[in-house]
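Asker: A single structure is presented below for examination.
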Amino acid sequence: MDRNEEITEKLIQYLDGELSDNERKAVEELLSADEAMQKELHNLQLAQEAVRAYGLKSQVASVRKQMLQAEAEAVSKSKVYPFALHLMKYAAILMFALLSVTIFMYASTSSARLYKENYQPYKVSVARGENPNNAIVNDFNTANYSQVIADFKATSSPNNRDYLLAAQAYQQTHQYGDAITLYNRLINPGNPDNSFRDDAEYYLGFTYLENHQSAKAKSIFEKIYTNPDHLYHDKVTFWMMLRLKILAIKDHGK
Amino acid sequence: MSKVIGYSDEELIKTLKKDRVSDLAIKHLYKNYYGGLSSYVRNNQGSEQDAEDIFQEVIVNFIDVVRRDKFKGESSIKTFLYSLCRFTWLNELKRRNRVLHREEKYEAARDLEETDVSYLVAGRESKNIVMTMIDKLGDVCRKILVAFYYEDLPMKDILPLVEFQNEQVLRNKKYKCLKSLEQMLDSNPELARQFKNALTYGS
């Protein structure tokens with residue numbers, strides 16, 4: 001670094017306030033006797049002022065640029081937003097409707113209601129050539145369910161229909177445990193005679209419902225719903241299954 | 001978009017006099033005065049770009065005037081900015097040789113009714129030339145000098161902006177940049193004199 005450069009550096013340090021007191025005094029002494037140095041100091045000072053003016057101009061320009069960018073983004077968003085807002089509005093309406101339906105279904109679903117809305121009493125059909133004076137059948141048709149149970153107990157070798165009617169009689173007299181036992185006997189795969197099995201399954205489902213065993217009811221109705229060959233397949237609808245699922249949730253899987 | 005604070009005239013002056021010029025104060029000036037002042041430029045032979053450039057110059061000038069305690073508050077900021085804008089635009093039109101003799105008379109008549117800020121506009125050409133000189137120093141020099149002399153950043157904070165090896169290299173570069181600018185001013189003493197006058201507004 002030559003002497004001129006050294007002087008310039010000292011002058012810059014002097015202006016920047018980076019000199020010690022002694023160094024500053026030394027520079028001031030040199031300055032007082034050197035016009036060229038005074039001129040350089042003056043120009044350096046002016047150069048610093050110019051940089052400060054430039055800095056302010058740059059800051060204002062930068063802020064303005066940010067504002068214009070933000071405005072441009074806002075305009076661009078305002079073009080996109082109406083469509084997005086419409087979409088969100090319809091989605092919200094749909095969500096609200098779905099939520100309302102779900103809440104309504106959840107609140108209105110109960111074992112009793114499902115039973116009431118879907119249960120159809122069993123109708124006994126008499127096979128051709130069969131004795132029309134069968135006591136169990138006659139008592140069942142007159143809704144004398146206590147007598148049906150008594151008749152069933154008195155029968156030494158009941159057939160599958162006798163079991164079904166007795167199970168129905170137990171169900172109607174709210175003796176669900178006995179009804180379930182008899183229905184299960186008909187459903188049991190070990191039973192070589194599978195007549196009335198579909199009837200037993202269907203009505204076992206309702207017995208479970210009445211007995212507040214919604215998970216078991218759901219399971220058995222699901223079996224019927226998924227089997228198109230089942231005698232009662234058409235009676236178990238999607239909505240019935242949906243409400244059974246809700247009921248199972250409400251009953252915590254009981 | 002960030003929220004723009006609404007300042008009263010007094011609050012704005014106080015804010016602008018702080019060490020660092022607040023971005024929010026600049027935004028406030030744009031939000032509140034750009035509309036009216038830019039339409040003045042556009043309605044008087046100016047383009048949209050002219051309006052942008054003149055308003056920016058007016059804002060820079062106003063902030064500088066305030067920071068140098070040259071704004072005495074004898075008129076509202078709005079009136080002052082309007083006068084500054086008119087004088088700046090008129091000066092620009094004169095520079096472009098567009099002002100007709102008839103318009104000059106008209107402007108002279110109007111000048112009597114408003115704050116005379118012509119002395120604040122007088123040195124705008126020399127200022128613009130010096131700003132162009134700084135542009136010519138190059139990106140690195142501009143960054144270093146503005147960061148050090150305008151933003152008051154310490155060397156260690158400037159270092160990552162220019163990716164120099166160490167502070168000594170940065171210090172040497174700063175020295176060279178400032179010296180270059182000093183030499184440009186030294187080679188044009190009349191410009192340097194006019195620029196100095198412009199900075200002190202003739203006082």
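To be explicit about the labels: the chains of the structure tokens are called A, B, and onward in the order shown, and within each one the residues are counted from 1, while ligands get numbers from 1 in the order they are shown.
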Compute the set of chain A residues within 12 Å of chain B, using only C-alpha atoms, and express it as a compact mmCIF listing (two decimals) with all heavy atoms, in the first residue's frame.

Answerer:
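Saved the output as iface36.txt:
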```
# COMPACT_ATOMS: atom_id res chain seq x y z
N MET A 1 0.86 -1.20 0.00
CA MET A 1 0.00 0.00 0.00
C MET A 1 0.90 1.25 0.00
O MET A 1 1.76 1.39 0.86
CB MET A 1 -0.90 -0.02 1.25
CG MET A 1 -2.00 1.00 1.20
SD MET A 1 -3.03 0.95 2.68
CE MET A 1 -4.14 -0.36 2.32
N ASN A 4 -0.28 7.37 -0.58
CA ASN A 4 -1.60 7.92 -0.90
C ASN A 4 -2.74 7.01 -0.43
O ASN A 4 -3.75 7.47 0.10
CB ASN A 4 -1.73 8.13 -2.42
CG ASN A 4 -0.98 9.38 -2.86
OD1 ASN A 4 -0.66 10.23 -2.03
ND2 ASN A 4 -0.69 9.46 -4.15
N GLU A 5 -2.52 5.72 -0.68
CA GLU A 5 -3.56 4.74 -0.26
C GLU A 5 -3.70 4.72 1.26
O GLU A 5 -4.81 4.61 1.79
CB GLU A 5 -3.20 3.34 -0.78
CG GLU A 5 -3.46 3.19 -2.26
CD GLU A 5 -3.05 1.83 -2.80
OE1 GLU A 5 -2.27 1.13 -2.11
OE2 GLU A 5 -3.48 1.48 -3.90
N GLU A 6 -2.53 4.81 1.91
CA GLU A 6 -2.55 4.83 3.39
C GLU A 6 -3.35 6.02 3.90
O GLU A 6 -4.15 5.93 4.83
CB GLU A 6 -1.13 4.90 3.93
CG GLU A 6 -0.51 3.53 4.13
CD GLU A 6 0.92 3.64 4.67
OE1 GLU A 6 1.16 4.53 5.49
OE2 GLU A 6 1.75 2.84 4.22
N ILE A 7 -3.10 7.19 3.24
CA ILE A 7 -3.81 8.41 3.66
C ILE A 7 -5.32 8.25 3.44
O ILE A 7 -6.13 8.56 4.31
CB ILE A 7 -3.26 9.65 2.89
CG1 ILE A 7 -1.86 9.97 3.43
CG2 ILE A 7 -4.18 10.85 3.04
CD1 ILE A 7 -1.12 11.05 2.68
N THR A 8 -5.66 7.74 2.25
CA THR A 8 -7.09 7.54 1.95
C THR A 8 -7.73 6.62 2.99
O THR A 8 -8.83 6.91 3.50
CB THR A 8 -7.27 6.93 0.54
OG1 THR A 8 -6.64 7.79 -0.41
CG2 THR A 8 -8.73 6.77 0.19
N GLU A 9 -7.03 5.55 3.30
CA GLU A 9 -7.57 4.60 4.28
C GLU A 9 -7.79 5.28 5.64
O GLU A 9 -8.82 5.10 6.29
CB GLU A 9 -6.67 3.39 4.42
CG GLU A 9 -7.37 2.29 5.22
CD GLU A 9 -6.61 0.98 5.23
OE1 GLU A 9 -5.43 0.98 4.84
OE2 GLU A 9 -7.21 -0.02 5.63
N LYS A 10 -6.78 6.08 6.03
CA LYS A 10 -6.89 6.80 7.32
C LYS A 10 -8.08 7.76 7.30
O LYS A 10 -8.82 7.89 8.27
CB LYS A 10 -5.59 7.60 7.59
CG LYS A 10 -4.46 6.75 8.12
CD LYS A 10 -4.70 6.36 9.59
CE LYS A 10 -3.62 5.37 10.04
NZ LYS A 10 -4.11 4.43 11.03
N LEU A 11 -8.24 8.44 6.13
CA LEU A 11 -9.34 9.41 6.03
C LEU A 11 -10.70 8.69 6.13
O LEU A 11 -11.63 9.19 6.79
CB LEU A 11 -9.26 10.18 4.71
CG LEU A 11 -8.12 11.21 4.60
CD1 LEU A 11 -8.10 11.83 3.20
CD2 LEU A 11 -8.27 12.30 5.65
N ILE A 12 -10.79 7.53 5.50
CA ILE A 12 -12.05 6.77 5.57
C ILE A 12 -12.30 6.32 7.01
O ILE A 12 -13.42 6.47 7.53
CB ILE A 12 -12.02 5.55 4.60
CG1 ILE A 12 -12.03 6.05 3.15
CG2 ILE A 12 -13.22 4.63 4.84
CD1 ILE A 12 -11.84 4.96 2.10
N GLN A 13 -11.23 5.83 7.65
CA GLN A 13 -11.36 5.41 9.05
C GLN A 13 -11.73 6.61 9.94
O GLN A 13 -12.51 6.49 10.88
CB GLN A 13 -10.06 4.77 9.55
CG GLN A 13 -9.83 3.38 8.95
CD GLN A 13 -8.48 2.82 9.32
OE1 GLN A 13 -7.50 3.56 9.51
NE2 GLN A 13 -8.40 1.51 9.43
N LEU A 15 -13.45 9.25 8.98
CA LEU A 15 -14.87 9.56 8.76
C LEU A 15 -15.78 8.50 9.40
O LEU A 15 -16.87 8.81 9.88
CB LEU A 15 -15.17 9.64 7.26
CG LEU A 15 -14.65 10.87 6.53
CD1 LEU A 15 -14.86 10.73 5.02
CD2 LEU A 15 -15.34 12.14 7.03
N ASP A 16 -15.32 7.25 9.38
CA ASP A 16 -16.15 6.16 9.93
C ASP A 16 -16.06 6.09 11.46
O ASP A 16 -16.70 5.24 12.08
CB ASP A 16 -15.70 4.80 9.34
CG ASP A 16 -16.02 4.71 7.85
OD1 ASP A 16 -16.73 5.60 7.35
OD2 ASP A 16 -15.54 3.76 7.20
N ALA A 36 -4.79 19.20 -0.40
CA ALA A 36 -5.20 18.05 -1.23
C ALA A 36 -5.92 17.01 -0.36
O ALA A 36 -6.93 16.41 -0.77
CB ALA A 36 -3.98 17.43 -1.89
N LYS A 39 -9.35 18.22 0.46
CA LYS A 39 -10.24 18.03 -0.68
C LYS A 39 -10.70 16.56 -0.77
O LYS A 39 -11.87 16.25 -1.01
CB LYS A 39 -9.50 18.43 -1.97
CG LYS A 39 -10.40 18.50 -3.17
CD LYS A 39 -9.57 18.87 -4.39
CE LYS A 39 -10.31 18.55 -5.66
NZ LYS A 39 -9.41 18.42 -6.79
N GLU A 40 -9.73 15.68 -0.54
CA GLU A 40 -10.06 14.24 -0.60
C GLU A 40 -11.06 13.89 0.51
O GLU A 40 -12.02 13.15 0.28
CB GLU A 40 -8.80 13.38 -0.45
CG GLU A 40 -9.09 11.91 -0.72
CD GLU A 40 -7.87 11.00 -0.62
OE1 GLU A 40 -6.76 11.53 -0.37
OE2 GLU A 40 -8.03 9.79 -0.77
N LEU A 41 -10.81 14.44 1.69
CA LEU A 41 -11.73 14.18 2.80
C LEU A 41 -13.14 14.68 2.46
O LEU A 41 -14.14 13.98 2.68
CB LEU A 41 -11.24 14.89 4.08
CG LEU A 41 -12.14 14.67 5.30
CD1 LEU A 41 -11.94 13.28 5.89
CD2 LEU A 41 -11.87 15.72 6.37
N HIS A 42 -13.18 15.86 1.87
CA HIS A 42 -14.46 16.45 1.49
C HIS A 42 -15.19 15.56 0.48
O HIS A 42 -16.40 15.28 0.60
CB HIS A 42 -14.20 17.86 0.92
CG HIS A 42 -15.43 18.48 0.37
ND1 HIS A 42 -15.72 18.50 -0.97
CD2 HIS A 42 -16.46 19.12 0.98
CE1 HIS A 42 -16.87 19.10 -1.15
NE2 HIS A 42 -17.35 19.49 0.02
N ASN A 43 -14.44 15.09 -0.50
CA ASN A 43 -15.06 14.23 -1.53
C ASN A 43 -15.48 12.87 -0.97
O ASN A 43 -16.50 12.32 -1.37
CB ASN A 43 -14.10 14.03 -2.71
CG ASN A 43 -14.10 15.24 -3.63
OD1 ASN A 43 -15.05 16.03 -3.64
ND2 ASN A 43 -13.01 15.42 -4.38
N LEU A 44 -14.65 12.36 -0.06
CA LEU A 44 -15.03 11.08 0.57
C LEU A 44 -16.32 11.23 1.39
O LEU A 44 -17.20 10.37 1.37
CB LEU A 44 -13.91 10.56 1.49
CG LEU A 44 -12.70 9.94 0.78
CD1 LEU A 44 -11.55 9.72 1.77
CD2 LEU A 44 -13.08 8.61 0.12
N GLN A 45 -16.39 12.36 2.07
CA GLN A 45 -17.59 12.66 2.87
C GLN A 45 -18.82 12.76 1.95
O GLN A 45 -19.89 12.23 2.26
CB GLN A 45 -17.37 14.00 3.57
CG GLN A 45 -18.14 14.14 4.85
CD GLN A 45 -17.59 15.29 5.69
OE1 GLN A 45 -16.75 16.10 5.22
NE2 GLN A 45 -18.03 15.38 6.91
N LEU A 46 -18.61 13.44 0.82
CA LEU A 46 -19.69 13.59 -0.16
C LEU A 46 -20.09 12.22 -0.73
O LEU A 46 -21.29 11.95 -0.94
CB LEU A 46 -19.20 14.52 -1.27
CG LEU A 46 -20.27 15.30 -2.06
CD1 LEU A 46 -21.15 16.10 -1.11
CD2 LEU A 46 -19.60 16.22 -3.07
N ALA A 47 -19.08 11.40 -0.96
CA ALA A 47 -19.34 10.05 -1.49
C ALA A 47 -20.20 9.26 -0.50
O ALA A 47 -21.15 8.56 -0.88
CB ALA A 47 -18.03 9.31 -1.74
N GLN A 48 -19.88 9.40 0.80
CA GLN A 48 -20.68 8.70 1.81
C GLN A 48 -22.11 9.23 1.84
O GLN A 48 -23.07 8.46 1.96
CB GLN A 48 -20.03 8.85 3.20
CG GLN A 48 -18.72 8.09 3.32
CD GLN A 48 -18.12 8.19 4.71
OE1 GLN A 48 -18.59 8.93 5.56
NE2 GLN A 48 -17.06 7.43 4.93
N GLU A 49 -22.24 10.56 1.71
CA GLU A 49 -23.58 11.17 1.67
C GLU A 49 -24.37 10.62 0.47
O GLU A 49 -25.56 10.35 0.55
CB GLU A 49 -23.47 12.69 1.55
CG GLU A 49 -23.02 13.38 2.81
CD GLU A 49 -24.13 13.46 3.86
OE1 GLU A 49 -25.30 13.30 3.48
OE2 GLU A 49 -23.81 13.64 5.04
N ALA A 50 -23.65 10.51 -0.65
CA ALA A 50 -24.29 10.01 -1.87
C ALA A 50 -24.79 8.58 -1.65
O ALA A 50 -25.90 8.23 -2.06
CB ALA A 50 -23.29 10.04 -3.03
N VAL A 51 -23.96 7.77 -0.98
CA VAL A 51 -24.36 6.38 -0.71
C VAL A 51 -25.61 6.36 0.18
O VAL A 51 -26.53 5.56 -0.04
CB VAL A 51 -23.20 5.60 -0.05
CG1 VAL A 51 -23.67 4.25 0.46
CG2 VAL A 51 -22.06 5.41 -1.04
N ARG A 52 -25.66 7.25 1.16
CA ARG A 52 -26.83 7.28 2.05
C ARG A 52 -28.09 7.68 1.25
O ARG A 52 -29.16 7.10 1.44
CB ARG A 52 -26.59 8.25 3.21
CG ARG A 52 -25.56 7.70 4.19
CD ARG A 52 -25.44 8.50 5.47
NE ARG A 52 -24.30 7.99 6.24
CZ ARG A 52 -23.10 8.55 6.29
NH1 ARG A 52 -22.87 9.69 5.65
NH2 ARG A 52 -22.11 8.00 6.98
N ALA A 53 -27.92 8.65 0.34
CA ALA A 53 -29.06 9.06 -0.49
C ALA A 53 -29.50 7.89 -1.38
O ALA A 53 -30.69 7.64 -1.57
CB ALA A 53 -28.67 10.26 -1.35
N TYR A 54 -28.49 7.18 -1.88
CA TYR A 54 -28.77 6.02 -2.73
C TYR A 54 -29.50 4.94 -1.93
O TYR A 54 -30.44 4.30 -2.43
CB TYR A 54 -27.46 5.47 -3.29
CG TYR A 54 -27.63 4.41 -4.34
CD1 TYR A 54 -27.72 4.74 -5.68
CD2 TYR A 54 -27.70 3.07 -3.98
CE1 TYR A 54 -27.88 3.76 -6.65
CE2 TYR A 54 -27.87 2.08 -4.94
CZ TYR A 54 -27.95 2.43 -6.27
OH TYR A 54 -28.11 1.47 -7.22
N GLY A 55 -29.06 4.76 -0.69
CA GLY A 55 -29.69 3.75 0.18
C GLY A 55 -31.15 4.06 0.41
O GLY A 55 -32.00 3.17 0.32
N LEU A 56 -31.46 5.32 0.67
CA LEU A 56 -32.85 5.72 0.90
C LEU A 56 -33.69 5.48 -0.36
O LEU A 56 -34.80 4.92 -0.29
CB LEU A 56 -32.91 7.20 1.31
CG LEU A 56 -34.31 7.78 1.51
CD1 LEU A 56 -35.08 7.01 2.58
CD2 LEU A 56 -34.23 9.26 1.88
N LYS A 57 -33.12 5.87 -1.50
CA LYS A 57 -33.83 5.67 -2.77
C LYS A 57 -34.11 4.18 -3.00
O LYS A 57 -35.20 3.80 -3.40
CB LYS A 57 -32.97 6.25 -3.91
CG LYS A 57 -33.67 6.29 -5.24
CD LYS A 57 -32.73 6.77 -6.32
CE LYS A 57 -33.36 6.51 -7.68
NZ LYS A 57 -32.40 6.61 -8.76
N SER A 58 -33.10 3.36 -2.71
CA SER A 58 -33.25 1.90 -2.90
C SER A 58 -34.32 1.34 -1.96
O SER A 58 -35.10 0.47 -2.34
CB SER A 58 -31.94 1.18 -2.63
OG SER A 58 -30.94 1.68 -3.45
N GLN A 59 -34.33 1.84 -0.73
CA GLN A 59 -35.32 1.34 0.24
C GLN A 59 -36.74 1.67 -0.23
O GLN A 59 -37.62 0.82 -0.21
CB GLN A 59 -35.07 1.93 1.63
CG GLN A 59 -35.99 1.31 2.68
CD GLN A 59 -35.90 2.00 4.05
OE1 GLN A 59 -35.14 2.94 4.22
NE2 GLN A 59 -36.67 1.51 5.00
N VAL A 60 -36.93 2.92 -0.66
CA VAL A 60 -38.26 3.33 -1.13
C VAL A 60 -38.67 2.48 -2.34
O VAL A 60 -39.80 1.98 -2.41
CB VAL A 60 -38.29 4.85 -1.48
CG1 VAL A 60 -39.59 5.22 -2.16
CG2 VAL A 60 -38.10 5.68 -0.21
N ALA A 61 -37.71 2.28 -3.26
CA ALA A 61 -38.01 1.48 -4.46
C ALA A 61 -38.36 0.05 -4.06
O ALA A 61 -39.28 -0.56 -4.62
CB ALA A 61 -36.82 1.50 -5.40
N SER A 62 -37.63 -0.48 -3.09
CA SER A 62 -37.86 -1.86 -2.65
C SER A 62 -39.24 -2.01 -1.99
O SER A 62 -39.96 -2.98 -2.27
CB SER A 62 -36.74 -2.25 -1.70
OG SER A 62 -37.08 -3.39 -0.99
N VAL A 63 -39.60 -1.04 -1.16
CA VAL A 63 -40.92 -1.09 -0.50
C VAL A 63 -42.02 -1.01 -1.56
O VAL A 63 -43.00 -1.76 -1.52
CB VAL A 63 -41.08 0.06 0.53
CG1 VAL A 63 -42.51 0.19 1.01
CG2 VAL A 63 -40.14 -0.16 1.71
N ARG A 64 -41.83 -0.11 -2.52
CA ARG A 64 -42.84 0.04 -3.58
C ARG A 64 -42.97 -1.26 -4.38
O ARG A 64 -44.08 -1.67 -4.73
CB ARG A 64 -42.43 1.19 -4.52
CG ARG A 64 -43.39 1.44 -5.66
CD ARG A 64 -44.78 1.72 -5.16
NE ARG A 64 -45.71 2.06 -6.21
CZ ARG A 64 -47.02 2.02 -6.08
NH1 ARG A 64 -47.56 1.63 -4.93
NH2 ARG A 64 -47.83 2.35 -7.06
N LYS A 65 -41.82 -1.89 -4.65
CA LYS A 65 -41.84 -3.15 -5.41
C LYS A 65 -42.64 -4.21 -4.64
O LYS A 65 -43.46 -4.92 -5.21
CB LYS A 65 -40.39 -3.62 -5.62
CG LYS A 65 -40.25 -4.70 -6.67
CD LYS A 65 -38.80 -5.02 -6.89
CE LYS A 65 -38.64 -6.31 -7.68
NZ LYS A 65 -37.26 -6.76 -7.73
N GLN A 66 -42.38 -4.29 -3.34
CA GLN A 66 -43.12 -5.25 -2.49
C GLN A 66 -44.62 -4.97 -2.56
O GLN A 66 -45.43 -5.88 -2.65
CB GLN A 66 -42.69 -5.13 -1.04
CG GLN A 66 -41.34 -5.74 -0.71
CD GLN A 66 -40.91 -5.36 0.71
OE1 GLN A 66 -41.73 -5.10 1.57
NE2 GLN A 66 -39.62 -5.29 0.92
N MET A 67 -44.97 -3.66 -2.48
CA MET A 67 -46.40 -3.30 -2.50
C MET A 67 -47.04 -3.71 -3.83
O MET A 67 -48.14 -4.26 -3.84
CB MET A 67 -46.56 -1.79 -2.31
CG MET A 67 -46.22 -1.32 -0.91
SD MET A 67 -46.35 0.48 -0.79
CE MET A 67 -48.13 0.69 -0.68
N LEU A 68 -46.33 -3.44 -4.93
CA LEU A 68 -46.89 -3.78 -6.24
C LEU A 68 -47.03 -5.29 -6.40
O LEU A 68 -48.01 -5.78 -6.96
CB LEU A 68 -46.01 -3.20 -7.36
CG LEU A 68 -46.06 -1.66 -7.48
CD1 LEU A 68 -45.05 -1.17 -8.51
CD2 LEU A 68 -47.45 -1.18 -7.87
N GLN A 69 -46.03 -6.02 -5.87
CA GLN A 69 -46.10 -7.49 -5.94
C GLN A 69 -47.30 -8.00 -5.13
O GLN A 69 -48.04 -8.87 -5.58
CB GLN A 69 -44.83 -8.11 -5.38
CG GLN A 69 -43.75 -8.24 -6.44
CD GLN A 69 -42.42 -8.73 -5.87
OE1 GLN A 69 -42.27 -8.86 -4.66
NE2 GLN A 69 -41.46 -8.95 -6.73
N ALA A 70 -47.46 -7.43 -3.93
CA ALA A 70 -48.58 -7.85 -3.07
C ALA A 70 -49.91 -7.53 -3.75
O ALA A 70 -50.85 -8.34 -3.70
CB ALA A 70 -48.49 -7.15 -1.73
N GLU A 71 -49.98 -6.36 -4.40
CA GLU A 71 -51.22 -5.99 -5.10
C GLU A 71 -51.49 -6.96 -6.25
O GLU A 71 -52.61 -7.38 -6.46
CB GLU A 71 -51.12 -4.56 -5.64
CG GLU A 71 -51.39 -3.51 -4.57
CD GLU A 71 -51.04 -2.10 -5.03
OE1 GLU A 71 -50.96 -1.85 -6.25
OE2 GLU A 71 -50.83 -1.24 -4.14
N ALA A 72 -50.42 -7.29 -6.99
CA ALA A 72 -50.57 -8.22 -8.13
C ALA A 72 -51.03 -9.58 -7.64
O ALA A 72 -51.91 -10.21 -8.24
CB ALA A 72 -49.26 -8.34 -8.88
N GLU A 73 -50.46 -10.02 -6.51
CA GLU A 73 -50.88 -11.32 -5.95
C GLU A 73 -52.32 -11.27 -5.50
O GLU A 73 -53.08 -12.22 -5.69
CB GLU A 73 -49.99 -11.67 -4.75
CG GLU A 73 -48.68 -12.32 -5.17
CD GLU A 73 -47.70 -12.45 -4.01
OE1 GLU A 73 -48.15 -12.50 -2.86
OE2 GLU A 73 -46.48 -12.48 -4.28
N ALA A 74 -52.72 -10.13 -4.90
CA ALA A 74 -54.10 -10.00 -4.43
C ALA A 74 -55.06 -10.04 -5.61
O ALA A 74 -56.11 -10.68 -5.54
CB ALA A 74 -54.26 -8.69 -3.66
N VAL A 75 -54.69 -9.39 -6.72
CA VAL A 75 -55.54 -9.39 -7.91
C VAL A 75 -55.64 -10.81 -8.46
O VAL A 75 -56.72 -11.29 -8.79
CB VAL A 75 -54.96 -8.44 -9.00
CG1 VAL A 75 -55.66 -8.64 -10.33
CG2 VAL A 75 -55.10 -6.99 -8.55
N LYS A 77 -55.20 -13.58 -6.81
CA LYS A 77 -56.00 -14.41 -5.90
C LYS A 77 -57.48 -14.11 -6.06
O LYS A 77 -58.31 -15.00 -6.00
CB LYS A 77 -55.58 -14.14 -4.45
CG LYS A 77 -54.37 -14.95 -4.02
CD LYS A 77 -54.00 -14.65 -2.60
CE LYS A 77 -52.68 -15.31 -2.22
NZ LYS A 77 -52.18 -14.82 -0.95
```

Asker: To test your reading of the structure, identify every residue in chain B that backbone DSSP assigns to alpha helix (DSSP H), and report it as a PyMOL selection string.

Answerer: chain B and resi 9-16+23-42+48-67+77-95+101-111+118-121+124-136+139-145+155-162+167-186+189-200

Asker: Quick one, how far is atom CA of Leu209 of chain A from atom CA of Pro228 of chain A?

Answerer: 22.3 Å

Asker: What's around Gln213 of chain A at 9 Å? Count only C-alpha atoms, leave out sequence neighbours fewer than 2 positions away in its own chain, and write the answer as a ChimeraX atom specification.

Answerer: /A:111,207-211,215-218,248,251,253-254

Asker: May I have the residues from that selection written out with N, CA and C atoms, as a PDB file, in the first residue's frame?

Answerer:
```
ATOM      1  N   SER A 111     -82.756 -49.917  18.897  1.00  0.00           N
ATOM      2  CA  SER A 111     -83.172 -51.316  18.678  1.00  0.00           C
ATOM      3  C   SER A 111     -84.667 -51.372  18.462  1.00  0.00           C
ATOM      4  N   THR A 207     -84.576 -61.151  17.383  1.00  0.00           N
ATOM      5  CA  THR A 207     -84.536 -61.458  18.820  1.00  0.00           C
ATOM      6  C   THR A 207     -83.331 -60.777  19.473  1.00  0.00           C
ATOM      7  N   TYR A 208     -82.189 -60.848  18.753  1.00  0.00           N
ATOM      8  CA  TYR A 208     -81.005 -60.153  19.280  1.00  0.00           C
ATOM      9  C   TYR A 208     -81.294 -58.645  19.427  1.00  0.00           C
ATOM     10  N   LEU A 209     -81.963 -58.092  18.415  1.00  0.00           N
ATOM     11  CA  LEU A 209     -82.293 -56.661  18.468  1.00  0.00           C
ATOM     12  C   LEU A 209     -83.138 -56.357  19.699  1.00  0.00           C
ATOM     13  N   GLU A 210     -84.152 -57.167  19.885  1.00  0.00           N
ATOM     14  CA  GLU A 210     -85.039 -56.941  21.034  1.00  0.00           C
ATOM     15  C   GLU A 210     -84.289 -57.112  22.347  1.00  0.00           C
ATOM     16  N   ASN A 211     -83.307 -58.010  22.319  1.00  0.00           N
ATOM     17  CA  ASN A 211     -82.534 -58.305  23.536  1.00  0.00           C
ATOM     18  C   ASN A 211     -81.337 -57.354  23.690  1.00  0.00           C
ATOM     19  N   ALA A 215     -74.677 -55.916  18.139  1.00  0.00           N
ATOM     20  CA  ALA A 215     -73.531 -56.425  17.366  1.00  0.00           C
ATOM     21  C   ALA A 215     -73.862 -57.792  16.784  1.00  0.00           C
ATOM     22  N   LYS A 216     -74.506 -58.645  17.594  1.00  0.00           N
ATOM     23  CA  LYS A 216     -74.876 -59.987  17.103  1.00  0.00           C
ATOM     24  C   LYS A 216     -75.962 -59.876  16.032  1.00  0.00           C
ATOM     25  N   ALA A 217     -76.905 -58.945  16.253  1.00  0.00           N
ATOM     26  CA  ALA A 217     -77.967 -58.735  15.258  1.00  0.00           C
ATOM     27  C   ALA A 217     -77.343 -58.287  13.938  1.00  0.00           C
ATOM     28  N   LYS A 218     -76.383 -57.360  14.032  1.00  0.00           N
ATOM     29  CA  LYS A 218     -75.718 -56.842  12.828  1.00  0.00           C
ATOM     30  C   LYS A 218     -75.022 -57.981  12.076  1.00  0.00           C
ATOM     31  N   ALA A 248     -74.724 -50.519  16.402  1.00  0.00           N
ATOM     32  CA  ALA A 248     -73.599 -51.251  17.012  1.00  0.00           C
ATOM     33  C   ALA A 248     -72.589 -50.272  17.599  1.00  0.00           C
ATOM     34  N   ASP A 251     -74.075 -48.815  20.733  1.00  0.00           N
ATOM     35  CA  ASP A 251     -74.077 -49.784  21.842  1.00  0.00           C
ATOM     36  C   ASP A 251     -72.671 -50.259  22.193  1.00  0.00           C
ATOM     37  N   GLY A 253     -70.519 -51.911  20.454  1.00  0.00           N
ATOM     38  CA  GLY A 253     -70.202 -53.261  19.999  1.00  0.00           C
ATOM     39  C   GLY A 253     -70.806 -54.382  20.831  1.00  0.00           C
ATOM     40  N   LYS A 254     -71.850 -54.054  21.591  1.00  0.00           N
ATOM     41  CA  LYS A 254     -72.469 -55.116  22.412  1.00  0.00           C
ATOM     42  C   LYS A 254     -73.225 -56.099  21.538  1.00  0.00           C
TER      43      LYS A 254
END
```

Asker: Can you tell me how far atom CA of Asn32 of chain B sits from atom CA of Gly6 of chain B, in Å to one decimal?

Answerer: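 So the answer is 9.0 Å.
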
Asker: Atom CA of Gly177 of chain A and atom CA of Asp199 of chain A, how far apart in Å?

Answerer: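 A separation of 17.6 Å between them.
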
Asker: Could you give me, as a list in words, the residues within 9 Å of Leu159 of chain B, counting only C-alpha atoms and dropping anything in the same chain fewer than 6 positions from it?

Answerer: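 Listed by chain and then number, they are Ile144, Gln165, Asn166, Glu167 and Leu170 of chain B.
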
Asker: Report as a list in words all protein, DNA and RNA residues lying within 10 Å of segment 73-82 of chain B, evaluated on only C-alpha atoms, omitting residues in the same chain fewer than 5 positions from it.

Answerer: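 Here the answer would be Ser8, Asp9, Glu10, Leu12, Ile13, Leu29, Asn32, Tyr33, Tyr34, Gly36, Leu37, Ser38, Tyr40, Phe55, Val58, Ile59, Asn61, Phe62, Val66, Phe87, Thr88, Glu114, Thr115, Asp116 and Val117 of chain B.
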
Asker: Might you pull out every residue within 8 Å of Phe140 of chain A, with only C-alpha atoms counted and same-chain residues fewer than 5 positions away left off, and present them as a VMD selection string?

Answerer: chain A and resid 145 148 165 169

Asker: Could those residues be written to a file, using N, CA, C and O atoms, as a short mmCIF file (atom, residue, chain, number, x, y, z; two decimals), in the first residue's frame?

Answerer:
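File written: result18.cif
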```cif
data_model
loop_
_atom_site.label_atom_id
_atom_site.label_comp_id
_atom_site.auth_asym_id
_atom_site.auth_seq_id
_atom_site.Cartn_x
_atom_site.Cartn_y
_atom_site.Cartn_z
N TYR A 145 -99.42 -67.58 22.59
CA TYR A 145 -98.02 -67.97 22.63
C TYR A 145 -97.67 -68.84 23.85
O TYR A 145 -96.85 -69.74 23.75
N VAL A 148 -98.57 -72.20 22.91
CA VAL A 148 -97.62 -72.75 21.92
C VAL A 148 -96.44 -73.37 22.66
O VAL A 148 -95.99 -74.48 22.35
N LEU A 165 -91.70 -72.28 15.67
CA LEU A 165 -92.88 -71.64 16.25
C LEU A 165 -92.71 -71.44 17.76
O LEU A 165 -93.12 -70.41 18.31
N ALA A 169 -92.74 -68.07 19.82
CA ALA A 169 -93.59 -67.89 21.01
C ALA A 169 -92.76 -67.34 22.18
O ALA A 169 -93.19 -66.42 22.89
#
```
